Structures are given as C-alpha cells and as structure tokens.
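Next comes input.tsv, with TSV, C-alpha atoms.
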```
chain	number	residue	atom	x	y	z
A	656	MET	CA	0.00	0.00	0.00
A	657	SER	CA	2.90	2.38	-0.68
A	658	ALA	CA	2.23	3.15	-4.34
A	659	TRP	CA	1.58	6.78	-3.35
A	660	LEU	CA	5.12	6.96	-1.97
A	661	ASP	CA	6.50	5.70	-5.26
A	662	GLU	CA	4.81	8.58	-7.05
A	663	VAL	CA	6.93	11.15	-5.22
A	664	ARG	CA	9.93	12.33	-7.22
A	665	TRP	CA	12.66	12.14	-4.60
A	666	ASP	CA	15.79	14.15	-5.35
A	667	ASP	CA	19.31	12.73	-5.66
A	668	GLU	CA	19.53	12.55	-1.88
A	669	GLY	CA	16.15	10.88	-1.58
A	670	LEU	CA	14.45	14.00	-0.25
A	671	VAL	CA	11.57	16.36	-1.08
A	672	PRO	CA	10.85	19.77	0.40
A	673	ALA	CA	7.76	19.87	2.61
A	674	ILE	CA	5.89	23.06	3.44
A	675	ALA	CA	3.88	23.25	6.64
A	676	GLN	CA	0.99	25.70	6.60
A	677	ASP	CA	-1.19	26.56	9.58
A	678	ALA	CA	-4.63	25.16	8.77
A	679	THR	CA	-6.39	27.92	10.69
A	680	SER	CA	-4.48	31.10	9.94
A	681	GLY	CA	-3.14	30.02	6.55
A	682	ARG	CA	0.31	31.19	7.53
A	683	VAL	CA	3.26	29.33	6.07
A	684	LEU	CA	5.12	28.08	9.11
A	685	THR	CA	8.12	26.08	7.96
A	686	LEU	CA	9.88	24.51	5.04
A	687	ALA	CA	11.57	21.26	5.97
A	688	TRP	CA	12.66	18.09	4.19
A	689	MET	CA	11.30	14.58	4.06
A	690	ASN	CA	12.67	11.27	2.95
A	691	ARG	CA	10.48	8.32	2.13
A	692	GLU	CA	10.47	7.00	5.67
A	693	SER	CA	9.50	10.35	7.18
A	694	LEU	CA	6.67	10.88	4.69
A	695	ALA	CA	5.34	7.40	5.34
A	696	GLU	CA	5.50	7.96	9.07
A	697	THR	CA	3.82	11.38	8.74
A	698	ALA	CA	0.87	9.73	7.03
A	699	GLN	CA	0.74	6.91	9.51
A	700	ARG	CA	1.02	9.00	12.68
A	701	GLY	CA	-0.91	12.02	11.45
A	702	GLU	CA	1.88	14.23	12.75
A	703	ALA	CA	4.69	15.83	10.78
A	704	VAL	CA	7.91	13.84	10.66
A	705	TYR	CA	10.81	15.35	8.75
A	706	TRP	CA	14.34	14.37	7.84
A	707	SER	CA	16.88	16.57	9.54
A	708	ARG	CA	19.63	17.21	7.01
A	709	SER	CA	21.96	18.62	9.66
A	710	ARG	CA	21.49	15.80	12.15
A	711	ARG	CA	20.97	13.16	9.47
A	712	ARG	CA	18.13	11.45	11.25
A	713	LEU	CA	14.35	11.39	11.42
A	714	TRP	CA	13.01	14.45	13.14
A	715	ARG	CA	9.62	14.00	14.73
A	716	LYS	CA	8.59	17.64	14.85
A	717	GLY	CA	7.96	18.57	18.48
A	718	GLU	CA	9.91	15.65	19.92
A	719	GLU	CA	11.85	18.04	22.15
A	720	SER	CA	9.72	21.17	22.16
A	721	GLY	CA	6.30	19.57	22.31
A	722	HIS	CA	5.36	21.72	19.33
A	723	VAL	CA	4.01	18.91	17.21
A	724	GLN	CA	2.22	19.57	13.94
A	725	ARG	CA	-0.98	17.58	13.59
A	726	VAL	CA	-1.64	16.95	9.94
A	727	VAL	CA	-5.04	18.02	8.65
A	728	GLU	CA	-4.28	17.51	4.96
A	729	MET	CA	-1.40	16.33	2.80
A	730	ARG	CA	-0.88	17.60	-0.73
A	731	MET	CA	1.64	17.16	-3.53
A	732	ASP	CA	2.38	19.41	-6.47
A	733	CYS	CA	2.08	18.90	-10.21
A	734	ASP	CA	5.71	17.81	-10.60
A	735	SER	CA	5.45	15.40	-7.65
A	736	ASP	CA	8.52	16.97	-6.09
A	737	ALA	CA	7.08	19.07	-3.27
A	738	ILE	CA	4.74	18.31	-0.36
A	739	LEU	CA	2.32	20.64	1.39
A	740	LEU	CA	1.00	19.87	4.85
A	741	ARG	CA	-1.88	21.78	6.38
A	742	VAL	CA	-1.34	21.42	10.10
A	743	GLU	CA	-2.58	22.33	13.52
A	744	GLN	CA	0.48	23.75	15.25
A	745	ALA	CA	0.68	22.77	18.93
A	746	GLY	CA	1.54	25.69	21.17
A	747	GLY	CA	1.22	28.11	18.28
A	748	ILE	CA	5.00	27.98	17.85
A	749	ALA	CA	6.66	26.34	14.88
A	750	CYS	CA	10.11	27.93	14.96
A	751	HIS	CA	13.04	26.91	17.14
A	752	THR	CA	13.52	30.62	17.91
A	753	GLY	CA	10.23	30.58	19.81
A	754	ARG	CA	8.30	32.38	17.09
A	755	GLU	CA	5.03	31.36	15.46
A	756	ARG	CA	6.68	30.68	12.13
A	757	CYS	CA	10.15	30.30	10.67
A	758	PHE	CA	9.46	32.95	8.02
A	759	PHE	CA	9.79	35.87	10.43
A	760	LEU	CA	12.31	37.78	8.30
A	761	LYS	CA	10.82	40.28	5.88
A	762	LEU	CA	12.72	42.11	3.18
A	763	GLU	CA	12.34	45.82	3.85
A	764	GLN	CA	14.33	48.37	1.88
A	765	GLY	CA	17.11	45.93	1.12
A	766	LYS	CA	17.35	44.39	4.58
A	767	TRP	CA	15.96	41.29	6.25
A	768	VAL	CA	13.99	42.55	9.27
A	769	ALA	CA	12.58	40.29	12.01
A	770	THR	CA	8.88	41.18	12.13
A	771	ASP	CA	7.49	38.59	14.50
A	772	PRO	CA	7.83	38.50	18.28
A	773	VAL	CA	9.43	35.67	20.23
A	774	LEU	CA	6.46	34.08	21.97
A	775	ARG	CA	8.48	31.90	24.28
A	776	ASP	CA	12.15	31.86	25.21
A	777	PRO	CA	13.83	28.92	23.45
A	778	ALA	CA	15.77	28.21	26.63
A	779	LEU	CA	12.43	27.45	28.27
A	780	ILE	CA	11.12	25.50	25.29
A	781	TYR	CA	14.15	23.24	25.15
A	782	GLY	CA	14.87	23.11	28.86
A	783	ARG	CA	18.29	24.69	28.62
A	784	LYS	CA	18.33	27.09	31.52
B	547	MET	CA	23.40	47.02	-1.92
B	548	SER	CA	23.35	43.23	-2.16
B	549	ALA	CA	24.22	42.33	1.40
B	550	TRP	CA	20.75	40.82	1.81
B	551	LEU	CA	21.56	38.41	-1.01
B	552	ASP	CA	24.72	37.34	0.77
B	553	GLU	CA	22.65	36.39	3.80
B	554	VAL	CA	20.82	33.67	1.89
B	555	ARG	CA	22.25	30.20	2.41
B	556	TRP	CA	22.41	28.93	-1.15
B	557	ASP	CA	22.70	25.16	-1.53
B	558	ASP	CA	25.51	23.33	-3.32
B	559	GLU	CA	23.93	24.21	-6.65
B	560	GLY	CA	23.48	27.85	-5.70
B	561	LEU	CA	19.73	27.52	-5.22
B	562	VAL	CA	17.06	28.01	-2.57
B	563	PRO	CA	13.47	26.81	-2.61
B	564	ALA	CA	10.92	29.61	-2.95
B	565	ILE	CA	7.28	29.24	-1.96
B	566	ALA	CA	4.67	31.42	-3.63
B	567	GLN	CA	1.54	32.06	-1.59
B	568	ASP	CA	-1.54	33.89	-2.84
B	569	ALA	CA	-1.68	37.12	-0.85
B	570	THR	CA	-5.46	37.22	-0.93
B	571	SER	CA	-6.60	33.64	-0.45
B	572	GLY	CA	-3.55	32.48	1.50
B	573	ARG	CA	-3.32	29.39	-0.71
B	574	VAL	CA	0.12	27.98	-1.35
B	575	LEU	CA	0.44	28.11	-5.11
B	576	THR	CA	3.87	26.83	-6.08
B	577	LEU	CA	7.25	25.76	-4.87
B	578	ALA	CA	10.00	26.72	-7.27
B	579	TRP	CA	13.73	27.43	-7.08
B	580	MET	CA	15.79	30.57	-7.18
B	581	ASN	CA	19.42	31.33	-7.72
B	582	ARG	CA	21.03	34.59	-6.69
B	583	GLU	CA	20.30	36.28	-9.99
B	584	SER	CA	16.63	35.32	-9.98
B	585	LEU	CA	16.13	36.48	-6.39
B	586	ALA	CA	17.82	39.80	-7.15
B	587	GLU	CA	15.65	40.26	-10.23
B	588	THR	CA	12.50	39.31	-8.31
B	589	ALA	CA	13.20	42.10	-5.84
B	590	GLN	CA	14.05	44.56	-8.57
B	591	ARG	CA	11.08	43.85	-10.84
B	592	GLY	CA	8.54	43.11	-8.14
B	593	GLU	CA	7.54	39.98	-10.04
B	594	ALA	CA	8.58	36.41	-9.34
B	595	VAL	CA	11.60	35.20	-11.30
B	596	TYR	CA	12.72	31.63	-10.71
B	597	TRP	CA	15.50	29.37	-11.86
B	598	SER	CA	14.21	26.54	-14.00
B	599	ARG	CA	16.21	23.47	-13.02
B	600	SER	CA	14.93	21.50	-16.02
B	601	ARG	CA	15.64	24.20	-18.58
B	602	ARG	CA	18.67	25.57	-16.72
B	603	ARG	CA	17.78	29.18	-17.28
B	604	LEU	CA	16.02	32.10	-15.63
B	605	TRP	CA	12.29	31.64	-15.66
B	606	ARG	CA	10.30	34.83	-15.49
B	607	LYS	CA	7.05	33.40	-14.19
B	608	GLY	CA	4.34	34.17	-16.70
B	609	GLU	CA	6.71	34.88	-19.58
B	610	GLU	CA	4.74	32.50	-21.79
B	611	SER	CA	1.42	32.18	-20.02
B	612	GLY	CA	0.98	35.75	-18.87
B	613	HIS	CA	0.39	34.38	-15.39
B	614	VAL	CA	2.88	36.62	-13.64
B	615	GLN	CA	3.14	36.73	-9.87
B	616	ARG	CA	3.31	40.26	-8.53
B	617	VAL	CA	5.26	40.23	-5.29
B	618	VAL	CA	3.53	41.80	-2.31
B	619	GLU	CA	6.03	40.63	0.30
B	620	MET	CA	9.28	38.69	0.43
B	621	ARG	CA	10.27	36.65	3.46
B	622	MET	CA	13.10	34.35	4.49
B	623	ASP	CA	13.18	31.68	7.16
B	624	CYS	CA	15.22	31.29	10.35
B	625	ASP	CA	17.88	29.17	8.65
B	626	SER	CA	18.14	31.55	5.69
B	627	ASP	CA	17.61	28.67	3.29
B	628	ALA	CA	14.04	29.16	2.12
B	629	ILE	CA	12.14	32.09	0.62
B	630	LEU	CA	8.44	32.89	0.90
B	631	LEU	CA	6.73	35.21	-1.57
B	632	ARG	CA	3.25	36.56	-1.00
B	633	VAL	CA	1.97	37.30	-4.46
B	634	GLU	CA	-0.93	38.50	-6.53
B	635	GLN	CA	-1.42	35.78	-9.11
B	636	ALA	CA	-2.36	37.14	-12.53
B	637	GLY	CA	-5.24	35.26	-14.12
B	638	GLY	CA	-5.79	33.28	-10.93
B	639	ILE	CA	-3.76	30.44	-12.43
B	640	ALA	CA	-0.34	29.47	-11.12
B	641	CYS	CA	0.01	25.93	-12.48
B	642	HIS	CA	1.07	24.90	-15.96
B	643	THR	CA	-1.85	22.45	-15.94
B	644	GLY	CA	-4.25	25.41	-15.94
B	645	ARG	CA	-5.17	25.06	-12.28
B	646	GLU	CA	-5.11	27.75	-9.60
B	647	ARG	CA	-2.24	26.08	-7.77
B	648	CYS	CA	0.32	23.38	-8.30
B	649	PHE	CA	-0.68	21.60	-5.09
B	650	PHE	CA	-3.86	20.14	-6.54
B	651	LEU	CA	-3.12	16.57	-5.50
B	652	LYS	CA	-4.49	15.54	-2.13
B	653	LEU	CA	-3.70	12.32	-0.32
B	654	GLU	CA	-6.97	10.48	0.23
B	655	GLN	CA	-7.02	6.93	1.54
B	656	GLY	CA	-3.56	6.18	0.23
B	657	LYS	CA	-3.96	7.80	-3.17
B	658	TRP	CA	-3.10	11.17	-4.68
B	659	VAL	CA	-6.38	12.60	-5.94
B	660	ALA	CA	-6.68	15.72	-8.11
B	661	THR	CA	-9.08	17.97	-6.22
B	662	ASP	CA	-8.92	21.20	-8.20
B	663	PRO	CA	-10.53	21.94	-11.56
B	664	VAL	CA	-8.62	22.96	-14.66
B	665	LEU	CA	-9.64	26.60	-15.09
B	666	ARG	CA	-8.18	27.00	-18.54
B	667	ASP	CA	-6.92	24.50	-21.10
B	668	PRO	CA	-3.10	24.62	-21.14
B	669	ALA	CA	-3.22	24.40	-24.94
B	670	LEU	CA	-4.97	27.76	-24.90
B	671	ILE	CA	-2.66	29.22	-22.24
B	672	TYR	CA	0.49	28.30	-24.14
B	673	GLY	CA	-0.86	28.73	-27.63
B	674	ARG	CA	-0.31	25.13	-28.68
B	675	LYS	CA	-3.49	24.27	-30.50
```

Before anything else, please render the file you have as structure tokens.
Amino acid sequence: MSAWLDEVRWDDEGLVPAIAQDATSGRVLTLAWMNRESLAETAQRGEAVYWSRSRRRLWRKGEESGHVQRVVEMRMDCDSDAILLRVEQAGGIACHTGRERCFFLKLEQGKWVATDPVLRDPALIYGRK
Amino acid sequence: MSAWLDEVRWDDEGLVPAIAQDATSGRVLTLAWMNRESLAETAQRGEAVYWSRSRRRLWRKGEESGHVQRVVEMRMDCDSDAILLRVEQAGGIACHTGRERCFFLKLEQGKWVATDPVLRDPALIYGRK
C-alpha cells in the first residue's frame, strides 16, 4: 500500500521539500525536508515527521519542544517533487527561535527585518536554563 | 546594496526553494527554485523570477502564459535557506496544468487525488493548439 510513496519524485539525496501551513491562519510556518520514511510515518502517525539534514536522522517535529504539527491535509504538487502539509500547530509555535513561524524575516528596503515576536524563550522551550 | 543576497544560504547548486503564496486567499500556489540572480531580479522587478532546473535558465514566471506573480512581500526563514513570496497571481492560475495552484493533489485513503478543476486548457494558455 505504498504506491503513493512511489509517485513522489525524490531528489538525488532521496528528499523532497515539505511546506507546513497553519490550517487555521493560513500562515506558512516552515519549510523542511522529508525522505520516504518520514513521509510514510507522517501519514501513519498524522503528525509531521521530517528528515533533519543537519542531524541526518528522522526528526519528529515537536519531539523536544512539544510543538508537534498535527496533519489536517497532505498535498503534492504537479511535478510530484514538493509536499504541502496543512497542520494544527501545537503551542502556536513552529520555529526553534520561539516564534510562530520560521518565516519571520521580511525584506524591507534591502534588509531582512525580524517582524514577529518571540512568543516563548527557546531556553524554556528546550529546557536549557 | 546586495548584502541581503549574501545572507541567503544557497545550496551546493546555488539555489534556494521559494514558496509562492496567494496574498489574498492564503493558498500555497507553487514551490519553485531561485538562484542569486533570480532572487535579485525578483526584488528589482517586483515579479517572481525563478531558476528553472529542467531548462537551466532564468524563468520569469508568466513569460509564456501571462500568469505573472506580482510580489507583495518577500520573506526568508530562520535558517536563511528558504524564501516565501506573498503574491498576486495574474489570471488566478499558477500551475502549468491550468489550475489555480500546483498543489492540486491531495492524499486520500492512500492515493493522490486531483481535487482542483482545470480553469483554462493549457493548450490555450500556451498557444499550442
């Protein structure tokens, strides 16, 4: 029952980019990466599971922070090489900086400006006091 | 005045993924790729310019179809390796299949199902009769 996984066009490293969008606000929260195993597990668990390229292991979103992303809907694009998740974001915080979303930098007059507030100190989120 | 371009973490091929989101509806329309030149030109023109990986050239979105994406806002994520454009989508069609968005495939009971209608025949959009 994994024919749908075969339809994904994985890149040379076996990955696809996956966008997480808040199902309520419509805000784009994160762009992360998935391999076949993480996409399969995402569908099975109903919670976003990514592949961490830096740590080279499965990354069950929220495993440390508690900020899991419950999947409401999974989509794929016309070229079969990108995934879109509509999610319910636990805690209202998707970013490791303690902000709602990772896309908190806005280009303003030739500079990237942080526009979103830190909702919770990452030291508290990750228990590093 | 290109310091902001230096802050982007380009991948080994000099690219970053760029998400286009409809500024009005909030729908995620496309995921495409940008190199430094295309990102610079996007900012300068105020219209989305991507890098076509298949054609290996700059791709001024809408150059053939007329379906340009006027950029309302440009954002970058916390790792500086993904771009988010909020756009006004000309013609209400982002996808080369003639649909509003490229993410028209939804996972339903283990199958990718096309959920969105074709708004305009691609043969008409691209003049191939």

Among the residues B:Arg591, B:Arg647, B:Arg606, B:Arg616, the one that comes closest to Leu577 (chain B) [using only C-alpha atoms]: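 The answer is B:Arg647, which sits nearest to Leu577 (chain B).
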
I'd like to know which of B:Gln635, B:Asn581, B:Ser611, B:Thr661 is closest to chain A, using all atoms listed in the file.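 The answer is B:Thr661, which sits nearest to chain A.
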
Local residues around (12.5, 25.7, 18.4), at most 9 Å away, using all atoms listed in the file, as an mmCIF file with C-alpha atoms, in the coordinates of the input:
```cif
data_model
loop_
_atom_site.group_PDB
_atom_site.id
_atom_site.type_symbol
_atom_site.label_atom_id
_atom_site.label_comp_id
_atom_site.auth_asym_id
_atom_site.auth_seq_id
_atom_site.Cartn_x
_atom_site.Cartn_y
_atom_site.Cartn_z
ATOM 1 C CA GLY A 717 7.960 18.570 18.480
ATOM 2 C CA GLU A 719 11.850 18.040 22.150
ATOM 3 C CA SER A 720 9.720 21.170 22.160
ATOM 4 C CA HIS A 722 5.360 21.720 19.330
ATOM 5 C CA ILE A 748 5.000 27.980 17.850
ATOM 6 C CA ALA A 749 6.660 26.340 14.880
ATOM 7 C CA CYS A 750 10.110 27.930 14.960
ATOM 8 C CA HIS A 751 13.040 26.910 17.140
ATOM 9 C CA THR A 752 13.520 30.620 17.910
ATOM 10 C CA GLY A 753 10.230 30.580 19.810
ATOM 11 C CA ARG A 754 8.300 32.380 17.090
ATOM 12 C CA PRO A 777 13.830 28.920 23.450
ATOM 13 C CA ILE A 780 11.120 25.500 25.290
ATOM 14 C CA TYR A 781 14.150 23.240 25.150
#
```

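As for CA of Trp688 (chain A) and CA of Phe649 (chain B), they are spaced 16.6 Å apart.
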
Draw an axis-aligned box tight on the listed atoms of region 565-577 of chain B, then pad every side by 6 Å and write out centre and edge lengths in Å to one decimal as JSON.
```
{"center_x": 0.3, "center_y": 31.5, "center_z": -2.3, "size_x": 25.9, "size_y": 23.5, "size_z": 19.6}
```

Transformed chain A, reference chain B, in-order C-alpha pairing, as a PDB file with C-alpha atoms, in the frame of the given file:
```
ATOM      1  CA  MET A 656      23.463  47.024  -1.923  1.00  0.00           C
ATOM      2  CA  SER A 657      23.340  43.221  -2.160  1.00  0.00           C
ATOM      3  CA  ALA A 658      24.221  42.344   1.431  1.00  0.00           C
ATOM      4  CA  TRP A 659      20.734  40.834   1.808  1.00  0.00           C
ATOM      5  CA  LEU A 660      21.556  38.418  -1.012  1.00  0.00           C
ATOM      6  CA  ASP A 661      24.715  37.353   0.779  1.00  0.00           C
ATOM      7  CA  GLU A 662      22.651  36.397   3.810  1.00  0.00           C
ATOM      8  CA  VAL A 663      20.820  33.678   1.885  1.00  0.00           C
ATOM      9  CA  ARG A 664      22.276  30.215   2.414  1.00  0.00           C
ATOM     10  CA  TRP A 665      22.406  28.938  -1.150  1.00  0.00           C
ATOM     11  CA  ASP A 666      22.699  25.174  -1.529  1.00  0.00           C
ATOM     12  CA  ASP A 667      25.522  23.343  -3.314  1.00  0.00           C
ATOM     13  CA  GLU A 668      23.936  24.221  -6.643  1.00  0.00           C
ATOM     14  CA  GLY A 669      23.491  27.852  -5.681  1.00  0.00           C
ATOM     15  CA  LEU A 670      19.741  27.525  -5.210  1.00  0.00           C
ATOM     16  CA  VAL A 671      17.058  28.017  -2.543  1.00  0.00           C
ATOM     17  CA  PRO A 672      13.468  26.816  -2.598  1.00  0.00           C
ATOM     18  CA  ALA A 673      10.914  29.608  -2.944  1.00  0.00           C
ATOM     19  CA  ILE A 674       7.274  29.242  -1.954  1.00  0.00           C
ATOM     20  CA  ALA A 675       4.670  31.415  -3.630  1.00  0.00           C
ATOM     21  CA  GLN A 676       1.535  32.054  -1.600  1.00  0.00           C
ATOM     22  CA  ASP A 677      -1.541  33.887  -2.844  1.00  0.00           C
ATOM     23  CA  ALA A 678      -1.680  37.122  -0.853  1.00  0.00           C
ATOM     24  CA  THR A 679      -5.473  37.208  -0.938  1.00  0.00           C
ATOM     25  CA  SER A 680      -6.613  33.633  -0.441  1.00  0.00           C
ATOM     26  CA  GLY A 681      -3.560  32.462   1.498  1.00  0.00           C
ATOM     27  CA  ARG A 682      -3.326  29.404  -0.698  1.00  0.00           C
ATOM     28  CA  VAL A 683       0.118  27.987  -1.350  1.00  0.00           C
ATOM     29  CA  LEU A 684       0.440  28.117  -5.111  1.00  0.00           C
ATOM     30  CA  THR A 685       3.862  26.826  -6.082  1.00  0.00           C
ATOM     31  CA  LEU A 686       7.247  25.760  -4.862  1.00  0.00           C
ATOM     32  CA  ALA A 687      10.001  26.731  -7.261  1.00  0.00           C
ATOM     33  CA  TRP A 688      13.727  27.434  -7.072  1.00  0.00           C
ATOM     34  CA  MET A 689      15.789  30.584  -7.175  1.00  0.00           C
ATOM     35  CA  ASN A 690      19.424  31.329  -7.719  1.00  0.00           C
ATOM     36  CA  ARG A 691      21.020  34.583  -6.704  1.00  0.00           C
ATOM     37  CA  GLU A 692      20.297  36.278 -10.002  1.00  0.00           C
ATOM     38  CA  SER A 693      16.622  35.308  -9.977  1.00  0.00           C
ATOM     39  CA  LEU A 694      16.129  36.482  -6.390  1.00  0.00           C
ATOM     40  CA  ALA A 695      17.807  39.784  -7.156  1.00  0.00           C
ATOM     41  CA  GLU A 696      15.665  40.238 -10.232  1.00  0.00           C
ATOM     42  CA  THR A 697      12.500  39.302  -8.300  1.00  0.00           C
ATOM     43  CA  ALA A 698      13.205  42.103  -5.850  1.00  0.00           C
ATOM     44  CA  GLN A 699      14.058  44.552  -8.570  1.00  0.00           C
ATOM     45  CA  ARG A 700      11.098  43.834 -10.854  1.00  0.00           C
ATOM     46  CA  GLY A 701       8.550  43.110  -8.144  1.00  0.00           C
ATOM     47  CA  GLU A 702       7.550  39.982 -10.034  1.00  0.00           C
ATOM     48  CA  ALA A 703       8.591  36.409  -9.335  1.00  0.00           C
ATOM     49  CA  VAL A 704      11.610  35.201 -11.276  1.00  0.00           C
ATOM     50  CA  TYR A 705      12.730  31.631 -10.693  1.00  0.00           C
ATOM     51  CA  TRP A 706      15.517  29.373 -11.869  1.00  0.00           C
ATOM     52  CA  SER A 707      14.218  26.537 -13.978  1.00  0.00           C
ATOM     53  CA  ARG A 708      16.218  23.463 -13.016  1.00  0.00           C
ATOM     54  CA  SER A 709      14.955  21.505 -16.018  1.00  0.00           C
ATOM     55  CA  ARG A 710      15.647  24.210 -18.582  1.00  0.00           C
ATOM     56  CA  ARG A 711      18.672  25.567 -16.731  1.00  0.00           C
ATOM     57  CA  ARG A 712      17.792  29.183 -17.283  1.00  0.00           C
ATOM     58  CA  LEU A 713      16.024  32.087 -15.621  1.00  0.00           C
ATOM     59  CA  TRP A 714      12.295  31.625 -15.666  1.00  0.00           C
ATOM     60  CA  ARG A 715      10.313  34.828 -15.482  1.00  0.00           C
ATOM     61  CA  LYS A 716       7.064  33.381 -14.188  1.00  0.00           C
ATOM     62  CA  GLY A 717       4.332  34.173 -16.708  1.00  0.00           C
ATOM     63  CA  GLU A 718       6.713  34.872 -19.579  1.00  0.00           C
ATOM     64  CA  GLU A 719       4.742  32.498 -21.798  1.00  0.00           C
ATOM     65  CA  SER A 720       1.423  32.161 -20.007  1.00  0.00           C
ATOM     66  CA  GLY A 721       0.980  35.741 -18.882  1.00  0.00           C
ATOM     67  CA  HIS A 722       0.378  34.382 -15.392  1.00  0.00           C
ATOM     68  CA  VAL A 723       2.881  36.602 -13.654  1.00  0.00           C
ATOM     69  CA  GLN A 724       3.143  36.726  -9.879  1.00  0.00           C
ATOM     70  CA  ARG A 725       3.333  40.259  -8.536  1.00  0.00           C
ATOM     71  CA  VAL A 726       5.260  40.242  -5.305  1.00  0.00           C
ATOM     72  CA  VAL A 727       3.524  41.804  -2.319  1.00  0.00           C
ATOM     73  CA  GLU A 728       6.031  40.641   0.293  1.00  0.00           C
ATOM     74  CA  MET A 729       9.272  38.685   0.431  1.00  0.00           C
ATOM     75  CA  ARG A 730      10.262  36.642   3.463  1.00  0.00           C
ATOM     76  CA  MET A 731      13.093  34.340   4.496  1.00  0.00           C
ATOM     77  CA  ASP A 732      13.167  31.674   7.168  1.00  0.00           C
ATOM     78  CA  CYS A 733      15.213  31.291  10.331  1.00  0.00           C
ATOM     79  CA  ASP A 734      17.877  29.154   8.642  1.00  0.00           C
ATOM     80  CA  SER A 735      18.138  31.563   5.691  1.00  0.00           C
ATOM     81  CA  ASP A 736      17.619  28.684   3.289  1.00  0.00           C
ATOM     82  CA  ALA A 737      14.032  29.160   2.130  1.00  0.00           C
ATOM     83  CA  ILE A 738      12.127  32.095   0.622  1.00  0.00           C
ATOM     84  CA  LEU A 739       8.435  32.897   0.891  1.00  0.00           C
ATOM     85  CA  LEU A 740       6.739  35.212  -1.574  1.00  0.00           C
ATOM     86  CA  ARG A 741       3.256  36.563  -1.002  1.00  0.00           C
ATOM     87  CA  VAL A 742       1.980  37.299  -4.479  1.00  0.00           C
ATOM     88  CA  GLU A 743      -0.915  38.507  -6.533  1.00  0.00           C
ATOM     89  CA  GLN A 744      -1.408  35.771  -9.111  1.00  0.00           C
ATOM     90  CA  ALA A 745      -2.357  37.133 -12.544  1.00  0.00           C
ATOM     91  CA  GLY A 746      -5.224  35.241 -14.120  1.00  0.00           C
ATOM     92  CA  GLY A 747      -5.786  33.274 -10.938  1.00  0.00           C
ATOM     93  CA  ILE A 748      -3.751  30.424 -12.428  1.00  0.00           C
ATOM     94  CA  ALA A 749      -0.335  29.463 -11.135  1.00  0.00           C
ATOM     95  CA  CYS A 750       0.019  25.923 -12.470  1.00  0.00           C
ATOM     96  CA  HIS A 751       1.073  24.900 -15.966  1.00  0.00           C
ATOM     97  CA  THR A 752      -1.850  22.442 -15.928  1.00  0.00           C
ATOM     98  CA  GLY A 753      -4.242  25.394 -15.951  1.00  0.00           C
ATOM     99  CA  ARG A 754      -5.161  25.055 -12.290  1.00  0.00           C
ATOM    100  CA  GLU A 755      -5.111  27.726  -9.597  1.00  0.00           C
ATOM    101  CA  ARG A 756      -2.243  26.092  -7.759  1.00  0.00           C
ATOM    102  CA  CYS A 757       0.333  23.373  -8.296  1.00  0.00           C
ATOM    103  CA  PHE A 758      -0.686  21.600  -5.080  1.00  0.00           C
ATOM    104  CA  PHE A 759      -3.878  20.146  -6.544  1.00  0.00           C
ATOM    105  CA  LEU A 760      -3.125  16.559  -5.494  1.00  0.00           C
ATOM    106  CA  LYS A 761      -4.509  15.534  -2.124  1.00  0.00           C
ATOM    107  CA  LEU A 762      -3.706  12.319  -0.316  1.00  0.00           C
ATOM    108  CA  GLU A 763      -6.975  10.479   0.220  1.00  0.00           C
ATOM    109  CA  GLN A 764      -7.020   6.933   1.549  1.00  0.00           C
ATOM    110  CA  GLY A 765      -3.557   6.173   0.247  1.00  0.00           C
ATOM    111  CA  LYS A 766      -3.963   7.797  -3.159  1.00  0.00           C
ATOM    112  CA  TRP A 767      -3.088  11.160  -4.660  1.00  0.00           C
ATOM    113  CA  VAL A 768      -6.387  12.600  -5.940  1.00  0.00           C
ATOM    114  CA  ALA A 769      -6.664  15.723  -8.124  1.00  0.00           C
ATOM    115  CA  THR A 770      -9.081  17.969  -6.224  1.00  0.00           C
ATOM    116  CA  ASP A 771      -8.924  21.190  -8.188  1.00  0.00           C
ATOM    117  CA  PRO A 772     -10.522  21.923 -11.552  1.00  0.00           C
ATOM    118  CA  VAL A 773      -8.614  22.955 -14.662  1.00  0.00           C
ATOM    119  CA  LEU A 774      -9.624  26.584 -15.088  1.00  0.00           C
ATOM    120  CA  ARG A 775      -8.183  26.989 -18.542  1.00  0.00           C
ATOM    121  CA  ASP A 776      -6.921  24.500 -21.101  1.00  0.00           C
ATOM    122  CA  PRO A 777      -3.107  24.625 -21.156  1.00  0.00           C
ATOM    123  CA  ALA A 778      -3.220  24.397 -24.939  1.00  0.00           C
ATOM    124  CA  LEU A 779      -4.971  27.767 -24.898  1.00  0.00           C
ATOM    125  CA  ILE A 780      -2.679  29.214 -22.243  1.00  0.00           C
ATOM    126  CA  TYR A 781       0.465  28.310 -24.143  1.00  0.00           C
ATOM    127  CA  GLY A 782      -0.896  28.767 -27.641  1.00  0.00           C
ATOM    128  CA  ARG A 783      -0.394  25.177 -28.696  1.00  0.00           C
ATOM    129  CA  LYS A 784      -3.566  24.381 -30.561  1.00  0.00           C
TER     130      LYS A 784
END
```

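Each of A:Leu739, A:Met729, A:Ala778, A:Ala675 was compared to Gln699 (chain A) using all atoms listed in the file, and A:Met729 turns out to be the nearest.
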
re CA of Asp736 (chain A) and CA of Gln615 (chain B): distance 20.8 Å

Top pick for closest residue to Glu553 (chain B), considering B:Met580, B:Cys624, B:Leu670, B:Ala589 and counting only C-alpha atoms: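 Under the stated criterion, the closest residue is B:Cys624.
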
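Minimum atom-to-atom distances from B:Ala564, B:Val659, B:Ala594, B:Met622 to Leu551 (chain B) were compared using all atoms listed in the file, and the lowest value belongs to B:Met622.
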
List as a VMD selection string: which residues have an atom within 10 Å of (20.1, 29.1, -8.8), counting all atoms listed in the file? chain B and resid 556 to 563 579 to 585 596 to 599 602 to 604

Please measure the separation of CA of Ala636 (chain B) and CA of Gly612 (chain B), giving the value in Å to one decimal.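 One can read the CA of Ala636 (chain B) to CA of Gly612 (chain B) distance as 7.3 Å.
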
I'd like to know which of B:Val664, B:Val633, B:Val554, B:Val618 is closest to Ala586 (chain B), using all atoms listed in the file. B:Val554

Could you complete region 612-617 of chain B so that it carries N, CA and C atoms, and give it back as a short mmCIF file (atom, residue, chain, number, x, y, z; two decimals), keeping the file's coordinate frame?
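Saved result, rebuild-v3.cif, follows:
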```cif
data_model
loop_
_atom_site.label_atom_id
_atom_site.label_comp_id
_atom_site.auth_asym_id
_atom_site.auth_seq_id
_atom_site.Cartn_x
_atom_site.Cartn_y
_atom_site.Cartn_z
N GLY B 612 1.55 34.50 -19.36
CA GLY B 612 0.98 35.75 -18.87
C GLY B 612 0.61 35.71 -17.40
N HIS B 613 0.77 34.55 -16.79
CA HIS B 613 0.39 34.38 -15.39
C HIS B 613 1.52 34.80 -14.46
N VAL B 614 1.81 36.08 -14.50
CA VAL B 614 2.88 36.62 -13.64
C VAL B 614 2.42 36.63 -12.18
N GLN B 615 3.41 36.64 -11.31
CA GLN B 615 3.14 36.73 -9.87
C GLN B 615 3.71 38.05 -9.35
N ARG B 616 2.83 38.99 -9.06
CA ARG B 616 3.31 40.26 -8.53
C ARG B 616 3.61 40.10 -7.04
N VAL B 617 4.80 40.50 -6.66
CA VAL B 617 5.26 40.23 -5.29
C VAL B 617 4.77 41.32 -4.34
#
```
